[in-house]
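This report concerns only the one structure given below.
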Amino acid sequence: MSALKIKKGATSHSAYNLRPTFSDVVERHTLAVLVENEPGVLARVIGLFSGRGYNIDSLTVAEVDHTGHLSRITIVTSGTPQVIEQIKAQLGRIVTVHDVHDLTVEGASVERELAMFKVAGTGDKRVEALRLADIFRANVVDSTLESFVFEITGAPEKIDAFADLMRPLGLTDVARTGVAALSRGE
Amino acid sequence: MTRQMSGAKMIVQALIDQGVDTVFGYPGGAVLPIYDEVFQQNAIRHILVRHEQGAVHAAEGYARATGKPGVVLVTSGPGATNAVTGLTDALMDSIPIIVLTGQVPTFMIGSDAFQEADTVGITRPCTKHNWLVKETDALSGVIHEAFHVCTSGRPGPVLVDIPKDVQFATGTYQPPKPSVSHYQPRLKGDMEEITELVAAIEKAKKPIFYTGGGVINSGPAASQLLRELVKATGFPITSTLMGLGAYPASGEKWVGMLGMHGLYEANMAMHDCDLLINIGARFDDRITGRLDAFSPKSIKAHVDIDPSSINKVIKTDIPIVGDVGHVLEDILKVWKSRGRKTNAEAVGKWWKQIEEWKKVDCLKFTQKGKVIKPQYALSRLEALTKDHDRYICTEVGQHQMWAAQYLGFEDPNRWMTSGGLGTMGYGFPASIGVQMAHQDALVINVAGEASWLMNMQEMGTAVQYRLPVKQFILNNERLGMVRQWQELLHGERYSQSWSEALPDFVKLAEAFGAKGIICSDPDDLDDAIMEMINHDGPVIFDCLVEKHENCFPMIPSGKAHNEMLLGEAETQGVIKADGAVMV
């Protein structure tokens, strides 16, 4: 403790919360990055992550405001609190980034992912796959006599669980969109 | 007033409207329409360099010496790739430059056309921002935005890539207008944090100001405010390599540069202080040494315009995001309104301690015998040029550190060096850029012979434009800093760190139509330096110095500030394996 008796790491009332946290625990954060929809903007964001050695667990991007020319990139990343703060600050300096939200710390949020599963099989396995799909509220979007394509939406954990169940029943292909997320309330 | 014109004309018009008077460049196929417009006007002077890297460093030198953005014009493909080192250098040191590159026509992009390169892709990580302009109507707006981005917030290099068909086509020119860009970095610091810093200033027993290039980038007013704050509080001040000149070297509270080759008193004060006030510096690894032993007893305040600099490597107790000038103004205002208090008695004791450290006299050297010591050469250069209207550039290596140690900088914008990237070959073209901005000033590039040779082709530029830049080469026939590290770290195995075939620098100067001076005797040095100063034209000064001199003081890699080496006697086995990994 310093002679000046300023409490290190005290909470700031500043608009920028720049006080460091001291944990070395790796956390998973979902970031929503609002960017100008222009060529190369995704490359800037991805290049930042690869260039500085940050993790990307999942990433989704699409235009969300055609007239405002804005896209929303949802990135799930992991790192110590210091790394997460640094990622947000580095994203914030990109000229075409309008806003960075850390949905993990800014109040409650909802996360959803869409996935499609192709399951091939006949007889009991086929019936069981259809029964489980019904429990998981997955829709059949394509069917042949020997296969289904299921469409499922939910939190990533739910999709993981569904994948685990489908694997012994003849799962052949998976396509996942990555996480889209929004804060709850207004 | 909007007008119809060709894209090429638009580019020149936009530069004129932005107040540009000098462009450094090199023509080529993809920028011929722009060069045709450059030919037909007189408002902008174009400096033909001999290599595109030289153009970018010259623009950096111009930017640093004026505070205005430097402008570069080069062609596609190799023109653009040759600019990459300079762009990276400018990004690391936060120098505002604008690089305009030609590109193959839009309908040929992606076809591996002649002199095609993915310029915006290649330069994305080494610019603050870049643009590929595909429509002539958008061109003037993008160029004005480029000026806004490169000079706002933390300055940096930007690049605009312009396909040749966009240059030929006609479009509507938009003159500059107040920026409507969403990019508006915050300038004012948070008052609550500033008040907290002022409270810490009032109580501190062992405070120190640690200032950096951000003070220079904030403009001359920031340097004035810094001087006022230092004078009013009586606190000691140290600076990074990039910040030299913000506070005068002759100033009463100056304790010298800090860091790996910084002064003993500055590093000891950093280590022992109880309040560290970082103003516009970024805790670079050359400054901090071993992180877990960096200034262990201090409260750390950090003023920076870039939020990502704060808490990047050193945990900060009082973070203040804002422009240095604005924040200093507010600090002074709050501190005065609270009654101008400091803990004068404790600070007085602190100064006594600092005076003790100063007695170590860490820069002392003895010039004896008939071989010039590099420290002596720079001491004489300082003595003979300090009263001139003087600008100093450097290359990278031992000579750069000696220049920082033995030359005194009284004002901002007079010291041009490659700090972050450490670019050998920076100094000579930078000196050309500085001389273009200050035609009557004495511009000296302190160089090592190895660095200087990396961009020696720019002698042609210096001679063509009659730029009287003085190339003061400390010639030890070695890559001195590499040699020093090999001595300390690699068992004195001097792998590839000397040149067996150096040119005769006097003849080289003459071959370019310039003047060459050689000096090897300490007794002749003063006369030779005076001859260099008094010659009206570019000079290569070949100063033959002691070949095995090491640069001290030195914080070895992996060591703390209070574990400095002061001289040759202390160098055996000091760097352990974990330190040897670091650069």
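Going by the structure tokens order, chains are called A, B, ..., each with residues numbered from 1, while ligands are numbered from 1 in the order shown.
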
Return as a PyMOL selection string the full set of residues in region 264-437 of chain B whose backbone-based DSSP assignment is helix (DSSP H, G or I).
chain B and resi 264-272+285-288+291-293+307-309+324-337+344-358+374-385+398-406+427-437

Do you know which residues are at most 7 Å from Gly448 (chain B) counting only C-alpha atoms, after dropping those on the same chain fewer than 6 positions away, and could you put them as a PyMOL selection string?
chain B and resi 395+399+473-475

Identify which of the residues A:His98, A:Lys125, A:Arg28, A:His66 lies closest to chain B, counting only C-alpha atoms when measuring atom-to-atom distances.
A:His98

Could you give me, as an MDAnalysis selection string, the residues within 10 Å of Ala293 (chain B), counting only C-alpha atoms and dropping anything in the same chain fewer than 5 positions from it?
chainID B and resid 271 288 558:562

Produce a file of the selected residues containing C-alpha atoms, as an mmCIF file, in the first residue's frame.
```cif
data_model
loop_
_atom_site.group_PDB
_atom_site.id
_atom_site.type_symbol
_atom_site.label_atom_id
_atom_site.label_comp_id
_atom_site.auth_asym_id
_atom_site.auth_seq_id
_atom_site.Cartn_x
_atom_site.Cartn_y
_atom_site.Cartn_z
ATOM 1 C CA HIS B 271 12.019 3.266 -9.189
ATOM 2 C CA THR B 288 9.828 -0.081 -17.911
ATOM 3 C CA GLY B 558 14.995 -8.505 -17.700
ATOM 4 C CA LYS B 559 16.344 -6.163 -15.022
ATOM 5 C CA ALA B 560 14.776 -3.387 -13.002
ATOM 6 C CA HIS B 561 15.465 0.346 -13.032
ATOM 7 C CA ASN B 562 17.683 0.180 -9.982
#
```

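If only C-alpha atoms are the atoms counted, then among B:Arg186, B:His144, B:Arg483, B:His57 the closest residue to Leu15 (chain B) is B:His144.
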
Would you list, as a list in words, the residues of region 145-272 of chain B that end up in strand (DSSP E) under DSSP run on this structure's backbone?
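Reading the DSSP output for region 145-272 of chain B, strand (DSSP E) covers Pro157, Val158, Leu159, Val160, Asp161, Ile162, Pro163, Thr170, Gly171, Thr172, Tyr173, Pro207, Ile208, Phe209, Tyr210, Thr211, Ile237, Thr238, Ser239, Trp254, Val255, Gly256 and Met257 of chain B.
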
Contacts from chain B to chain A, 6 Å maximum, only C-alpha atoms: show me the residue list as a PyMOL selection string.
chain B and resi 307-308+317

Applying 9 Å and only C-alpha atoms, which residues near Ser451 (chain B) remain after dropping the ones on its own chain fewer than 6 positions away? List them as an MDAnalysis selection string.
chainID B and resid 395:397 423:427 479

Gap from CA of Glu135 (chain B) to CA of Lys9 (chain B) - Å, one decimal
14.2 Å

Long-range neighbours of Ala32 (chain A) as a CSV table (one decimal) with C-alpha atoms, in the first residue's frame, 7 Å cut-off, only C-alpha atoms, 5 positions minimum in chain:
```
chain,number,residue,atom,x,y,z
A,72,ARG,CA,-23.3,-5.6,-36.2
A,73,ILE,CA,-20.5,-7.9,-35.4
A,74,THR,CA,-21.0,-10.2,-32.4
A,75,ILE,CA,-17.8,-11.7,-31.1
A,100,VAL,CA,-18.4,-1.5,-28.6
A,101,HIS,CA,-20.7,-3.2,-26.0
A,102,ASP,CA,-19.7,-5.9,-23.6
A,103,LEU,CA,-23.0,-7.7,-23.2
```

So how far away is CA of Leu145 (chain A) from CA of Ala163 (chain A), in Å?
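Between these atoms lies a distance of 21.2 Å.
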
As a PyMOL selection string, please: the residues near region 248-262 of chain B (cut-off 7 Å, only C-alpha atoms, same-chain neighbours under 6 positions excluded).
chain B and resi 234-241+286-288+401+408-411+552-555

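The two atoms in question, CA of Ala58 (chain B) and CA of Leu139 (chain B), are spaced 25.0 Å apart.
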
What's the 7 Å shell around Arg154 (chain B), counting only C-alpha atoms, without same-chain residues fewer than 3 positions away, as a list in words?
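Counting only C-alpha atoms, the residues come to Ser94, Ile305 and Asp306 of chain B.
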
Preceding selection exported with C-alpha atoms as a PDB file, in the first residue's frame:
```pdb
ATOM      1  CA  SER B  94       2.053   8.489 -33.689  1.00  0.00           C
ATOM      2  CA  ILE B 305      -5.578  10.407 -25.555  1.00  0.00           C
ATOM      3  CA  ASP B 306      -5.751   6.726 -26.501  1.00  0.00           C
TER       4      ASP B 306
END
```
